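K.L.:
Contents of structure-v3.cif (mmCIF, C-alpha atoms and all ligand atoms) are below:
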```
data_upload
#
loop_
_atom_site.group_PDB
_atom_site.id
_atom_site.type_symbol
_atom_site.label_atom_id
_atom_site.label_comp_id
_atom_site.auth_asym_id
_atom_site.auth_seq_id
_atom_site.Cartn_x
_atom_site.Cartn_y
_atom_site.Cartn_z
ATOM 1 C CA MET H 22 -3.478 7.667 -21.518
ATOM 2 C CA CYS H 23 -1.483 8.863 -24.526
ATOM 3 C CA GLU H 24 0.203 5.745 -25.888
ATOM 4 C CA ARG H 25 0.346 1.999 -25.524
ATOM 5 C CA ASN H 26 2.987 -0.500 -26.571
ATOM 6 C CA GLU H 27 3.006 -4.251 -25.955
ATOM 7 C CA VAL H 28 4.214 -4.006 -22.387
ATOM 8 C CA TYR H 29 3.706 -0.469 -21.085
ATOM 9 C CA LYS H 30 0.832 1.960 -21.038
ATOM 10 C CA VAL H 31 2.219 5.468 -21.318
ATOM 11 C CA PHE H 32 0.423 8.111 -19.260
ATOM 12 C CA GLU H 33 1.062 11.809 -18.731
ATOM 13 C CA VAL H 34 1.087 13.479 -15.349
ATOM 14 C CA GLU H 35 -2.066 15.538 -14.919
ATOM 15 C CA LYS H 36 -1.434 16.790 -11.396
ATOM 16 C CA VAL H 37 1.140 16.363 -8.613
ATOM 17 C CA PHE H 38 0.419 16.996 -4.946
ATOM 18 C CA GLU H 39 2.414 16.559 -1.791
ATOM 19 C CA GLU H 40 1.074 14.377 1.006
ATOM 20 C CA GLY H 41 3.110 15.152 4.061
ATOM 21 C CA SER H 42 6.853 15.645 3.874
ATOM 22 C CA ARG H 43 7.766 12.271 2.325
ATOM 23 C CA VAL H 44 5.118 11.391 -0.232
ATOM 24 C CA LYS H 45 4.067 12.843 -3.579
ATOM 25 C CA THR H 46 0.932 11.695 -5.357
ATOM 26 C CA LEU H 47 0.908 11.619 -9.152
ATOM 27 C CA VAL H 48 -2.525 11.849 -10.770
ATOM 28 C CA LEU H 49 -2.245 10.568 -14.343
ATOM 29 C CA ASN H 50 -4.259 11.420 -17.440
ATOM 30 C CA GLY H 51 -6.302 8.275 -17.811
ATOM 31 C CA LYS H 52 -8.050 5.339 -16.284
ATOM 32 C CA LEU H 53 -6.634 1.945 -15.350
ATOM 33 C CA GLU H 54 -9.157 -0.656 -14.275
ATOM 34 C CA ALA H 55 -7.860 -1.970 -10.975
ATOM 35 C CA LYS H 56 -8.940 -3.201 -7.560
ATOM 36 C CA PRO H 57 -7.755 -1.639 -4.288
ATOM 37 C CA GLY H 58 -4.703 -3.594 -3.123
ATOM 38 C CA GLN H 59 -3.444 -4.254 -6.656
ATOM 39 C CA PHE H 60 -0.174 -2.669 -7.781
ATOM 40 C CA VAL H 61 1.445 -1.380 -10.950
ATOM 41 C CA MET H 62 5.067 -1.573 -12.078
ATOM 42 C CA VAL H 63 6.291 1.941 -12.880
ATOM 43 C CA TRP H 64 9.280 2.215 -15.223
ATOM 44 C CA GLU H 65 11.506 5.240 -15.389
ATOM 45 C CA PRO H 66 13.727 4.808 -18.482
ATOM 46 C CA GLY H 67 17.413 4.725 -17.608
ATOM 47 C CA VAL H 68 16.680 4.485 -13.882
ATOM 48 C CA GLY H 69 14.642 1.366 -13.119
ATOM 49 C CA GLU H 70 11.232 -0.137 -12.482
ATOM 50 C CA ARG H 71 9.443 -0.467 -9.119
ATOM 51 C CA PRO H 72 6.012 -1.538 -7.761
ATOM 52 C CA PHE H 73 3.515 1.013 -6.408
ATOM 53 C CA GLY H 74 0.019 0.429 -5.048
ATOM 54 C CA VAL H 75 -2.935 1.795 -7.027
ATOM 55 C CA GLY H 76 -4.342 4.798 -5.121
ATOM 56 C CA ALA H 77 -7.228 5.487 -7.522
ATOM 57 C CA GLU H 78 -8.277 4.034 -10.874
ATOM 58 C CA ASN H 79 -10.078 6.870 -12.629
ATOM 59 C CA PRO H 80 -7.910 8.792 -13.076
ATOM 60 C CA LEU H 81 -5.058 6.481 -12.097
ATOM 61 C CA ALA H 82 -3.139 7.841 -9.091
ATOM 62 C CA ILE H 83 -0.046 6.562 -7.281
ATOM 63 C CA SER H 84 1.489 7.852 -4.053
ATOM 64 C CA ILE H 85 5.272 7.655 -3.855
ATOM 65 C CA ALA H 86 7.536 7.890 -0.809
ATOM 66 C CA LYS H 87 11.036 9.080 -1.726
ATOM 67 C CA VAL H 88 13.436 6.352 -0.572
ATOM 68 C CA GLY H 89 15.867 5.686 -3.456
ATOM 69 C CA LYS H 90 16.633 6.223 -7.113
ATOM 70 C CA VAL H 91 13.328 5.377 -8.874
ATOM 71 C CA SER H 92 11.123 7.062 -6.279
ATOM 72 C CA ALA H 93 13.407 10.153 -6.370
ATOM 73 C CA ALA H 94 13.061 10.295 -10.174
ATOM 74 C CA LEU H 95 9.266 10.025 -9.868
ATOM 75 C CA HIS H 96 9.303 12.878 -7.322
ATOM 76 C CA GLU H 97 10.772 15.102 -10.070
ATOM 77 C CA LYS H 98 7.775 14.557 -12.371
ATOM 78 C CA LYS H 99 5.834 17.640 -13.457
ATOM 79 C CA GLN H 100 2.532 18.132 -15.264
ATOM 80 C CA GLY H 101 2.799 16.711 -18.823
ATOM 81 C CA ASP H 102 5.741 14.368 -18.078
ATOM 82 C CA ARG H 103 5.413 10.747 -19.177
ATOM 83 C CA VAL H 104 5.013 7.775 -16.847
ATOM 84 C CA TRP H 105 5.374 4.162 -18.060
ATOM 85 C CA ILE H 106 3.051 1.687 -16.388
ATOM 86 C CA ARG H 107 2.521 -2.077 -16.626
ATOM 87 C CA GLY H 108 -0.172 -3.882 -14.717
ATOM 88 C CA PRO H 109 -2.293 -3.851 -12.662
ATOM 89 C CA TYR H 110 -0.925 -6.954 -10.964
ATOM 90 C CA GLY H 111 -1.819 -9.011 -7.927
ATOM 91 C CA ASN H 112 -5.081 -10.080 -6.378
ATOM 92 C CA GLY H 113 -6.319 -6.979 -4.490
ATOM 93 C CA PHE H 114 -8.619 -6.784 -1.454
ATOM 94 C CA GLU H 115 -11.958 -8.632 -1.405
ATOM 95 C CA ILE H 116 -14.558 -6.334 0.147
ATOM 96 C CA LYS H 117 -16.750 -8.423 2.450
ATOM 97 C CA GLY H 118 -19.544 -7.263 4.743
ATOM 98 C CA ARG H 119 -21.333 -3.984 5.471
ATOM 99 C CA ASN H 120 -19.210 -2.674 8.306
ATOM 100 C CA ILE H 121 -15.466 -2.758 7.752
ATOM 101 C CA ALA H 122 -12.397 -1.378 9.516
ATOM 102 C CA CYS H 123 -9.127 -0.381 7.837
ATOM 103 C CA VAL H 124 -5.771 0.205 9.496
ATOM 104 C CA ALA H 125 -3.181 2.129 7.491
ATOM 105 C CA GLY H 126 0.246 3.624 7.994
ATOM 106 C CA GLY H 127 2.687 5.574 5.815
ATOM 107 C CA TYR H 128 1.957 5.340 2.077
ATOM 108 C CA GLY H 129 -0.344 2.394 2.888
ATOM 109 C CA VAL H 130 -3.019 5.077 3.348
ATOM 110 C CA SER H 131 -3.203 5.460 -0.448
ATOM 111 C CA PRO H 132 -4.635 1.975 -1.295
ATOM 112 C CA ILE H 133 -6.795 2.124 1.838
ATOM 113 C CA ARG H 134 -8.377 5.412 0.638
ATOM 114 C CA PHE H 135 -9.179 3.632 -2.650
ATOM 115 C CA LEU H 136 -10.622 0.671 -0.712
ATOM 116 C CA ALA H 137 -12.769 2.944 1.503
ATOM 117 C CA LYS H 138 -14.161 4.656 -1.625
ATOM 118 C CA LYS H 139 -14.993 1.303 -3.273
ATOM 119 C CA ALA H 140 -16.572 0.029 -0.036
ATOM 120 C CA ARG H 141 -18.784 3.120 0.118
ATOM 121 C CA GLU H 142 -19.889 2.505 -3.485
ATOM 122 C CA THR H 143 -21.078 -0.976 -2.465
ATOM 123 C CA GLY H 144 -23.040 0.545 0.445
ATOM 124 C CA ALA H 145 -20.589 -0.639 3.130
ATOM 125 C CA LYS H 146 -19.435 1.580 5.991
ATOM 126 C CA ALA H 147 -15.669 1.954 6.348
ATOM 127 C CA CYS H 148 -13.998 3.065 9.542
ATOM 128 C CA VAL H 149 -10.323 3.973 8.999
ATOM 129 C CA PHE H 150 -7.512 4.125 11.598
ATOM 130 C CA MET H 151 -4.481 5.850 10.107
ATOM 131 C CA GLY H 152 -1.117 6.672 11.593
ATOM 132 C CA ALA H 153 2.114 8.543 10.985
ATOM 133 C CA LYS H 154 5.157 9.372 13.090
ATOM 134 C CA THR H 155 4.256 13.051 13.208
ATOM 135 C CA LYS H 156 1.750 15.558 11.760
ATOM 136 C CA LYS H 157 4.213 16.515 8.983
ATOM 137 C CA GLU H 158 4.169 12.949 7.614
ATOM 138 C CA LEU H 159 0.384 12.478 7.567
ATOM 139 C CA MET H 160 -1.200 11.531 4.264
ATOM 140 C CA LEU H 161 -4.597 12.919 3.221
ATOM 141 C CA LYS H 162 -7.417 11.284 5.132
ATOM 142 C CA PRO H 163 -10.029 9.138 3.351
ATOM 143 C CA ASP H 164 -13.517 10.500 2.819
ATOM 144 C CA CYS H 165 -15.104 8.451 5.637
ATOM 145 C CA GLU H 166 -15.025 8.093 9.436
ATOM 146 C CA THR H 167 -11.305 8.268 10.277
ATOM 147 C CA THR H 168 -9.265 8.138 13.481
ATOM 148 C CA ILE H 169 -5.921 9.884 13.016
ATOM 149 C CA CYS H 170 -2.990 8.865 15.240
ATOM 150 C CA THR H 171 0.532 10.253 15.464
ATOM 151 C CA ASP H 172 3.378 8.700 17.457
ATOM 152 C CA ASP H 173 4.238 12.096 19.010
ATOM 153 C CA GLY H 174 0.662 13.371 19.445
ATOM 154 C CA THR H 175 1.114 16.371 17.082
ATOM 155 C CA CYS H 176 -2.205 15.484 15.371
ATOM 156 C CA GLY H 177 -5.141 13.331 16.439
ATOM 157 C CA GLU H 178 -4.639 10.683 19.127
ATOM 158 C CA LYS H 179 -1.137 10.174 20.536
ATOM 159 C CA GLY H 180 0.059 6.628 19.839
ATOM 160 C CA PHE H 181 -0.171 4.020 17.109
ATOM 161 C CA ALA H 182 -3.149 3.429 14.813
ATOM 162 C CA THR H 183 -3.070 -0.197 16.028
ATOM 163 C CA GLN H 184 -3.845 0.949 19.598
ATOM 164 C CA ALA H 185 -6.894 2.949 18.476
ATOM 165 C CA PHE H 186 -7.994 0.012 16.317
ATOM 166 C CA GLU H 187 -7.589 -2.569 19.112
ATOM 167 C CA LYS H 188 -9.668 -0.320 21.415
ATOM 168 C CA ALA H 189 -12.430 -0.069 18.759
ATOM 169 C CA LEU H 190 -12.314 -3.838 18.222
ATOM 170 C CA LYS H 191 -13.364 -4.305 21.850
ATOM 171 C CA GLU H 192 -16.315 -1.902 21.466
ATOM 172 C CA LYS H 193 -17.613 -2.502 17.925
ATOM 173 C CA LYS H 194 -18.343 -5.416 15.647
ATOM 174 C CA PHE H 195 -16.577 -5.323 12.276
ATOM 175 C CA ASP H 196 -17.416 -7.765 9.473
ATOM 176 C CA ALA H 197 -13.885 -7.564 8.062
ATOM 177 C CA VAL H 198 -10.611 -5.719 8.569
ATOM 178 C CA TYR H 199 -8.102 -4.513 5.950
ATOM 179 C CA THR H 200 -4.576 -3.307 6.548
ATOM 180 C CA CYS H 201 -1.734 -1.767 4.544
ATOM 181 C CA GLY H 202 1.458 -0.190 5.860
ATOM 182 C CA PRO H 203 4.586 -1.107 7.797
ATOM 183 C CA GLU H 204 4.780 -4.865 8.383
ATOM 184 C CA LYS H 205 5.103 -4.583 12.173
ATOM 185 C CA MET H 206 1.824 -2.647 12.189
ATOM 186 C CA MET H 207 0.084 -5.197 9.952
ATOM 187 C CA ALA H 208 1.373 -8.073 12.102
ATOM 188 C CA ARG H 209 -0.306 -6.512 15.177
ATOM 189 C CA VAL H 210 -3.542 -6.024 13.252
ATOM 190 C CA THR H 211 -3.646 -9.602 11.914
ATOM 191 C CA GLU H 212 -2.825 -10.978 15.383
ATOM 192 C CA ALA H 213 -5.656 -8.980 17.012
ATOM 193 C CA CYS H 214 -8.083 -10.115 14.300
ATOM 194 C CA LEU H 215 -7.137 -13.785 14.641
ATOM 195 C CA LYS H 216 -7.618 -13.526 18.415
ATOM 196 C CA ASN H 217 -11.037 -11.882 17.967
ATOM 197 C CA LYS H 218 -12.038 -14.161 15.050
ATOM 198 C CA VAL H 219 -12.581 -11.260 12.620
ATOM 199 C CA PRO H 220 -11.625 -11.905 8.968
ATOM 200 C CA CYS H 221 -8.594 -9.815 8.039
ATOM 201 C CA GLN H 222 -6.640 -9.123 4.845
ATOM 202 C CA ALA H 223 -3.200 -7.484 4.676
ATOM 203 C CA SER H 224 -1.381 -6.084 1.640
ATOM 204 C CA LEU H 225 2.326 -6.907 1.770
ATOM 205 C CA ASP H 226 5.177 -4.717 0.592
ATOM 206 C CA ARG H 227 8.322 -6.690 -0.274
ATOM 207 C CA PHE H 228 11.401 -6.102 -2.375
ATOM 208 C CA MET H 229 10.036 -6.921 -5.819
ATOM 209 C CA LYS H 230 11.767 -7.175 -9.184
ATOM 210 C CA CYS H 231 9.778 -8.873 -11.973
ATOM 211 C CA GLY H 232 6.239 -8.493 -10.601
ATOM 212 C CA LEU H 233 5.305 -11.705 -12.445
ATOM 213 C CA GLY H 234 6.246 -14.545 -10.071
ATOM 214 C CA VAL H 235 9.451 -15.410 -11.946
ATOM 215 C CA CYS H 236 12.343 -14.103 -9.815
ATOM 216 C CA ALA H 237 11.000 -14.855 -6.274
ATOM 217 C CA SER H 238 12.770 -11.813 -4.802
ATOM 218 C CA CYS H 239 9.496 -11.031 -2.980
ATOM 219 C CA ALA H 240 9.188 -14.497 -1.361
ATOM 220 C CA VAL H 241 7.633 -14.744 2.115
ATOM 221 C CA GLY H 242 8.226 -18.361 3.076
ATOM 222 C CA GLU H 243 6.492 -20.440 0.392
ATOM 223 C CA LEU H 244 4.528 -17.451 -0.890
ATOM 224 C CA VAL H 245 5.537 -15.057 -3.645
ATOM 225 C CA VAL H 246 4.003 -11.640 -2.991
ATOM 226 C CA CYS H 247 3.652 -10.514 -6.619
ATOM 227 C CA ARG H 248 2.027 -13.761 -7.853
ATOM 228 C CA ASP H 249 0.134 -15.029 -4.762
ATOM 229 C CA GLY H 250 -0.614 -11.592 -3.249
ATOM 230 C CA PRO H 251 0.112 -8.854 -2.434
ATOM 231 C CA VAL H 252 -3.076 -9.329 -0.359
ATOM 232 C CA PHE H 253 -3.179 -12.326 2.010
ATOM 233 C CA ASP H 254 -5.581 -13.322 4.751
ATOM 234 C CA ALA H 255 -4.412 -13.386 8.358
ATOM 235 C CA GLN H 256 -4.543 -17.203 8.631
ATOM 236 C CA THR H 257 -2.230 -17.655 5.633
ATOM 237 C CA LEU H 258 0.244 -15.098 7.004
ATOM 238 C CA ALA H 259 0.213 -16.684 10.463
ATOM 239 C CA LYS H 260 1.483 -19.918 8.901
ATOM 240 C CA THR H 261 4.606 -18.269 7.438
ATOM 241 C CA LYS H 262 7.697 -17.903 9.590
ATOM 242 C CA GLU H 263 8.638 -14.608 7.930
ATOM 243 C CA PHE H 264 5.624 -12.279 8.127
ATOM 244 C CA GLY H 265 6.219 -9.557 10.730
ATOM 245 C CA LYS H 266 9.665 -10.959 11.525
ATOM 246 C CA THR H 267 12.022 -10.885 8.547
ATOM 247 C CA PHE H 268 12.388 -9.032 5.274
ATOM 248 C CA ARG H 269 14.629 -9.896 2.274
ATOM 249 C CA ASP H 270 16.954 -7.281 0.800
ATOM 250 C CA SER H 271 17.725 -6.882 -2.918
ATOM 251 C CA SER H 272 20.119 -9.886 -2.796
ATOM 252 C CA GLY H 273 17.506 -12.113 -1.097
ATOM 253 C CA LYS H 274 19.278 -12.028 2.291
ATOM 254 C CA LYS H 275 16.908 -12.177 5.279
ATOM 255 C CA ILE H 276 16.956 -9.137 7.563
ATOM 256 C CA GLU H 277 15.093 -8.802 10.866
ATOM 257 C CA ILE H 278 12.265 -6.277 10.775
HETATM 258 C C1 LIG I 1 3.090 -4.504 -3.765
HETATM 259 C C2 LIG I 1 3.896 -3.278 -3.427
HETATM 260 C C3 LIG I 1 3.267 -2.061 -3.365
HETATM 261 C C4 LIG I 1 4.005 -0.905 -3.054
HETATM 262 N N1 LIG I 1 3.353 0.294 -3.000
HETATM 263 C C5 LIG I 1 4.040 1.418 -2.759
HETATM 264 C C6 LIG I 1 3.375 2.682 -2.755
HETATM 265 O O1 LIG I 1 2.160 2.783 -2.979
HETATM 266 N N2 LIG I 1 4.122 3.766 -2.517
HETATM 267 C C7 LIG I 1 5.470 3.693 -2.259
HETATM 268 O O2 LIG I 1 6.096 4.730 -2.051
HETATM 269 N N3 LIG I 1 6.116 2.510 -2.260
HETATM 270 C C8 LIG I 1 5.444 1.382 -2.505
HETATM 271 N N4 LIG I 1 6.094 0.179 -2.500
HETATM 272 C C9 LIG I 1 7.530 0.144 -2.188
HETATM 273 C C10 LIG I 1 8.332 0.620 -3.383
HETATM 274 O O3 LIG I 1 8.241 -0.327 -4.430
HETATM 275 C C11 LIG I 1 9.804 0.760 -2.959
HETATM 276 O O4 LIG I 1 9.927 1.735 -1.964
HETATM 277 C C12 LIG I 1 10.594 1.150 -4.187
HETATM 278 O O5 LIG I 1 10.910 -0.061 -4.805
HETATM 279 C C13 LIG I 1 11.838 1.927 -3.903
HETATM 280 O O6 LIG I 1 12.523 2.085 -5.118
HETATM 281 P P1 LIG I 1 13.723 3.114 -5.218
HETATM 282 O O7 LIG I 1 14.428 2.888 -6.521
HETATM 283 O O8 LIG I 1 13.235 4.487 -4.961
HETATM 284 O O9 LIG I 1 14.638 2.680 -4.031
HETATM 285 P P2 LIG I 1 15.985 1.776 -4.101
HETATM 286 O O10 LIG I 1 17.075 2.689 -4.581
HETATM 287 O O11 LIG I 1 15.709 0.538 -4.886
HETATM 288 O O12 LIG I 1 16.119 1.413 -2.600
HETATM 289 C C14 LIG I 1 16.206 2.402 -1.561
HETATM 290 C C15 LIG I 1 15.994 1.705 -0.242
HETATM 291 O O13 LIG I 1 14.630 1.214 -0.153
HETATM 292 C C16 LIG I 1 14.641 -0.190 0.104
HETATM 293 N N5 LIG I 1 13.530 -0.802 -0.638
HETATM 294 C C17 LIG I 1 13.442 -1.038 -1.941
HETATM 295 N N6 LIG I 1 12.275 -1.645 -2.234
HETATM 296 C C18 LIG I 1 11.627 -1.800 -1.071
HETATM 297 C C19 LIG I 1 10.381 -2.346 -0.701
HETATM 298 N N7 LIG I 1 9.539 -2.929 -1.582
HETATM 299 N N8 LIG I 1 10.003 -2.276 0.582
HETATM 300 C C20 LIG I 1 10.817 -1.737 1.505
HETATM 301 N N9 LIG I 1 12.029 -1.195 1.228
HETATM 302 C C21 LIG I 1 12.417 -1.229 -0.058
HETATM 303 C C22 LIG I 1 15.987 -0.683 -0.403
HETATM 304 O O14 LIG I 1 16.376 -1.897 0.238
HETATM 305 C C23 LIG I 1 16.899 0.481 -0.047
HETATM 306 O O15 LIG I 1 17.282 0.455 1.305
HETATM 307 C C24 LIG I 1 5.394 -0.988 -2.796
HETATM 308 C C25 LIG I 1 6.030 -2.239 -2.864
HETATM 309 C C26 LIG I 1 5.292 -3.371 -3.170
HETATM 310 C C27 LIG I 1 5.992 -4.696 -3.241
#
```
Any chance you could give the structure as structure tokens?

P.N.:
Amino acid sequence: MCERNEVYKVFEVEKVFEEGSRVKTLVLNGKLEAKPGQFVMVWEPGVGERPFGVGAENPLAISIAKVGKVSAALHEKKQGDRVWIRGPYGNGFEIKGRNIACVAGGYGVSPIRFLAKKARETGAKACVFMGAKTKKELMLKPDCETTICTDDGTCGEKGFATQAFEKALKEKKFDAVYTCGPEKMMARVTEACLKNKVPCQASLDRFMKCGLGVCASCAVGELVVCRDGPVFDAQTLAKTKEFGKTFRDSSGKKIEI
């Protein structure tokens, strides 16, 4: 880290690498104490500020899918460029048990890699199921037992990560399950876990503005993702009418997922 003001910690980019065709990972020049599942607000002066999950804490790393103006600006970052960070925010995953399963899709693989590393450090065994539409979009796999799935079968098993996970759930006993990725995927995972009575935590990705629980743009029913989450257990999510069904756009309007 090179500077600190009252709100932002200013880092420099140490290394940039591509993960598949859509995501770039920025490795920064310092540490940020954080838990897997927590997020940081990244500010690009003159462009805007957006939330990104912590992919590693030492050095701090974030993986960014290019979808709009802030993420496009972050994709232009080169070694030595500055990155403004506030946080970490949110609750993060609670690692429970010795034998855990993780289901990840898209850039959700980044916090799950961090979680798998932390789990290993506590002596737990992590089994990851990760998916992407096609081989070109696959993120780097975690350093543990991993089942790779692609929708078109260009790498690993053909089909969704949820299918491979549901099959494993019938054959193995997991103490806890963790999921991060597209909401439809997480809804399937939480549903399967509730049915099989396995504790499950999911990290939600919603349109977020303040990151502090003030603006409620990231509301899911009564919950506010930035303040109450972004990690929720399956029982809590099952009680909301929105999880897995609707999303709110930047104006707060509900849109079907
Ligand atoms: C807790 C949390 C963790 C996140 N972690 C990551 C991460 O690790 N990596 C990553 O790439 N992204 C992550 N996101 C999503 C990321 O914040 C958005 O993709 C980002 O805000 C897009 O900003 P932009 O300026 O590039 O796009 P904009 O120009 O603001 O929008 C481009 C398009 O993306 C849509 N969009 C904006 N925000 C979101 C959102 N939160 N979810 C879905 N669609 C959105 C807009 O409606 C619009 O259609 C996370 C979001 C949350 C809430």

K.L.:
Name the residues that the PyMOL selection byres (((not hetatm)) within 6 of (chain I and resi 1)) pulls out of this structure, and write them as a short mmCIF file (atom, residue, chain, number, x, y, z; two decimals) with C-alpha atoms, in the coordinates of the input.

P.N.:
```
data_model
loop_
_atom_site.label_atom_id
_atom_site.label_comp_id
_atom_site.auth_asym_id
_atom_site.auth_seq_id
_atom_site.Cartn_x
_atom_site.Cartn_y
_atom_site.Cartn_z
CA PHE H 60 -0.17 -2.67 -7.78
CA ARG H 71 9.44 -0.47 -9.12
CA PRO H 72 6.01 -1.54 -7.76
CA PHE H 73 3.52 1.01 -6.41
CA GLY H 74 0.02 0.43 -5.05
CA SER H 84 1.49 7.85 -4.05
CA ILE H 85 5.27 7.66 -3.86
CA ALA H 86 7.54 7.89 -0.81
CA VAL H 88 13.44 6.35 -0.57
CA GLY H 89 15.87 5.69 -3.46
CA LYS H 90 16.63 6.22 -7.11
CA VAL H 91 13.33 5.38 -8.87
CA SER H 92 11.12 7.06 -6.28
CA ALA H 93 13.41 10.15 -6.37
CA TYR H 128 1.96 5.34 2.08
CA ASP H 226 5.18 -4.72 0.59
CA ARG H 227 8.32 -6.69 -0.27
CA PHE H 228 11.40 -6.10 -2.38
CA MET H 229 10.04 -6.92 -5.82
CA PRO H 251 0.11 -8.85 -2.43
CA ASP H 270 16.95 -7.28 0.80
#
```

K.L.:
Residues within 12 Å of (9.7, 14.1, -10.8), file coordinates, counting all atoms listed in the file: what are they? Give the list as a short mmCIF file (atom, residue, chain, number, x, y, z; two decimals) with C-alpha atoms, in the frame of the given file.

P.N.:
```cif
data_model
loop_
_atom_site.label_atom_id
_atom_site.label_comp_id
_atom_site.auth_asym_id
_atom_site.auth_seq_id
_atom_site.Cartn_x
_atom_site.Cartn_y
_atom_site.Cartn_z
CA GLU H 33 1.06 11.81 -18.73
CA VAL H 34 1.09 13.48 -15.35
CA LYS H 36 -1.43 16.79 -11.40
CA VAL H 37 1.14 16.36 -8.61
CA PHE H 38 0.42 17.00 -4.95
CA GLU H 39 2.41 16.56 -1.79
CA VAL H 44 5.12 11.39 -0.23
CA LYS H 45 4.07 12.84 -3.58
CA THR H 46 0.93 11.70 -5.36
CA LEU H 47 0.91 11.62 -9.15
CA GLU H 65 11.51 5.24 -15.39
CA ILE H 85 5.27 7.66 -3.86
CA ALA H 86 7.54 7.89 -0.81
CA LYS H 87 11.04 9.08 -1.73
CA LYS H 90 16.63 6.22 -7.11
CA VAL H 91 13.33 5.38 -8.87
CA SER H 92 11.12 7.06 -6.28
CA ALA H 93 13.41 10.15 -6.37
CA ALA H 94 13.06 10.30 -10.17
CA LEU H 95 9.27 10.02 -9.87
CA HIS H 96 9.30 12.88 -7.32
CA GLU H 97 10.77 15.10 -10.07
CA LYS H 98 7.78 14.56 -12.37
CA LYS H 99 5.83 17.64 -13.46
CA GLN H 100 2.53 18.13 -15.26
CA GLY H 101 2.80 16.71 -18.82
CA ASP H 102 5.74 14.37 -18.08
CA ARG H 103 5.41 10.75 -19.18
CA VAL H 104 5.01 7.78 -16.85
#
```

K.L.:
Skipping near chain neighbours, those fewer than 3 positions away, what residues fall within 9 Å of Glu70 (chain H) using all atoms listed in the file, listed as a ChimeraX atom specification?

P.N.:
/H:62-66,91,230-231

K.L.:
Using the chain letters and residue numbers of this document, give as number ranges by chain the residues selected by the PyMOL selection byres (((chain H and resi 207) around 12) and not hetatm).

P.N.:
H: 123-127, 129, 151, 181-183, 186, 198-206, 208-214, 221-226, 252-255, 258-259, 264-266

K.L.:
Provide the CA of Lys154 (chain H) to CA of Thr167 (chain H) distance in Å, to one decimal place.

P.N.:
16.7 Å

K.L.:
Name the residues captured by the PyMOL selection byres (((chain H and resi 248) around 7) and not hetatm) when it is applied to the shown file; answer as a ChimeraX atom specification.

P.N.:
/H:111,233-234,245-247,249-250

K.L.:
For Glu54 (chain H), which residue among H:Phe268, H:Tyr110, H:Phe32, H:Phe150 is the nearest when counting all atoms listed in the file?

P.N.:
H:Tyr110

K.L.:
Separation of CA of Lys117 (chain H) and CA of Asp196 (chain H), in Å?

P.N.:
7.1 Å

K.L.:
Please indicate the distance in Å from CA of Gly51 (chain H) to CA of Ile83 (chain H), rounded to one decimal place.

P.N.:
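That distance, rounded to one decimal, is 12.4 Å.
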
K.L.:
Please rebuild region 51-62 of chain H with N, CA and C atoms and return the result as a tab-separated table (two decimals), in the coordinates of the input.

P.N.:
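Printed below is out_27.tsv as written:
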```
chain	number	residue	atom	x	y	z
H	51	GLY	N	-5.43	9.32	-17.26
H	51	GLY	CA	-6.30	8.28	-17.81
H	51	GLY	C	-6.69	7.29	-16.75
H	52	LYS	N	-7.49	6.34	-17.19
H	52	LYS	CA	-8.05	5.34	-16.28
H	52	LYS	C	-7.27	4.03	-16.40
H	53	LEU	N	-7.16	3.31	-15.31
H	53	LEU	CA	-6.63	1.94	-15.35
H	53	LEU	C	-7.56	1.12	-14.49
H	54	GLU	N	-8.24	0.15	-15.09
H	54	GLU	CA	-9.16	-0.66	-14.28
H	54	GLU	C	-8.37	-1.49	-13.28
H	55	ALA	N	-8.62	-1.26	-12.01
H	55	ALA	CA	-7.86	-1.97	-10.98
H	55	ALA	C	-8.70	-2.07	-9.72
H	56	LYS	N	-8.28	-3.04	-8.86
H	56	LYS	CA	-8.94	-3.20	-7.56
H	56	LYS	C	-8.04	-2.60	-6.49
H	57	PRO	N	-8.61	-2.08	-5.39
H	57	PRO	CA	-7.76	-1.64	-4.29
H	57	PRO	C	-6.89	-2.80	-3.81
H	58	GLY	N	-5.62	-2.53	-3.56
H	58	GLY	CA	-4.70	-3.59	-3.12
H	58	GLY	C	-3.85	-4.12	-4.28
H	59	GLN	N	-4.28	-3.87	-5.52
H	59	GLN	CA	-3.44	-4.25	-6.66
H	59	GLN	C	-2.31	-3.23	-6.82
H	60	PHE	N	-1.29	-3.59	-7.58
H	60	PHE	CA	-0.17	-2.67	-7.78
H	60	PHE	C	0.19	-2.58	-9.25
H	61	VAL	N	0.93	-1.53	-9.58
H	61	VAL	CA	1.44	-1.38	-10.95
H	61	VAL	C	2.97	-1.34	-10.88
H	62	MET	N	3.62	-1.74	-11.97
H	62	MET	CA	5.07	-1.57	-12.08
H	62	MET	C	5.29	-0.27	-12.85
```
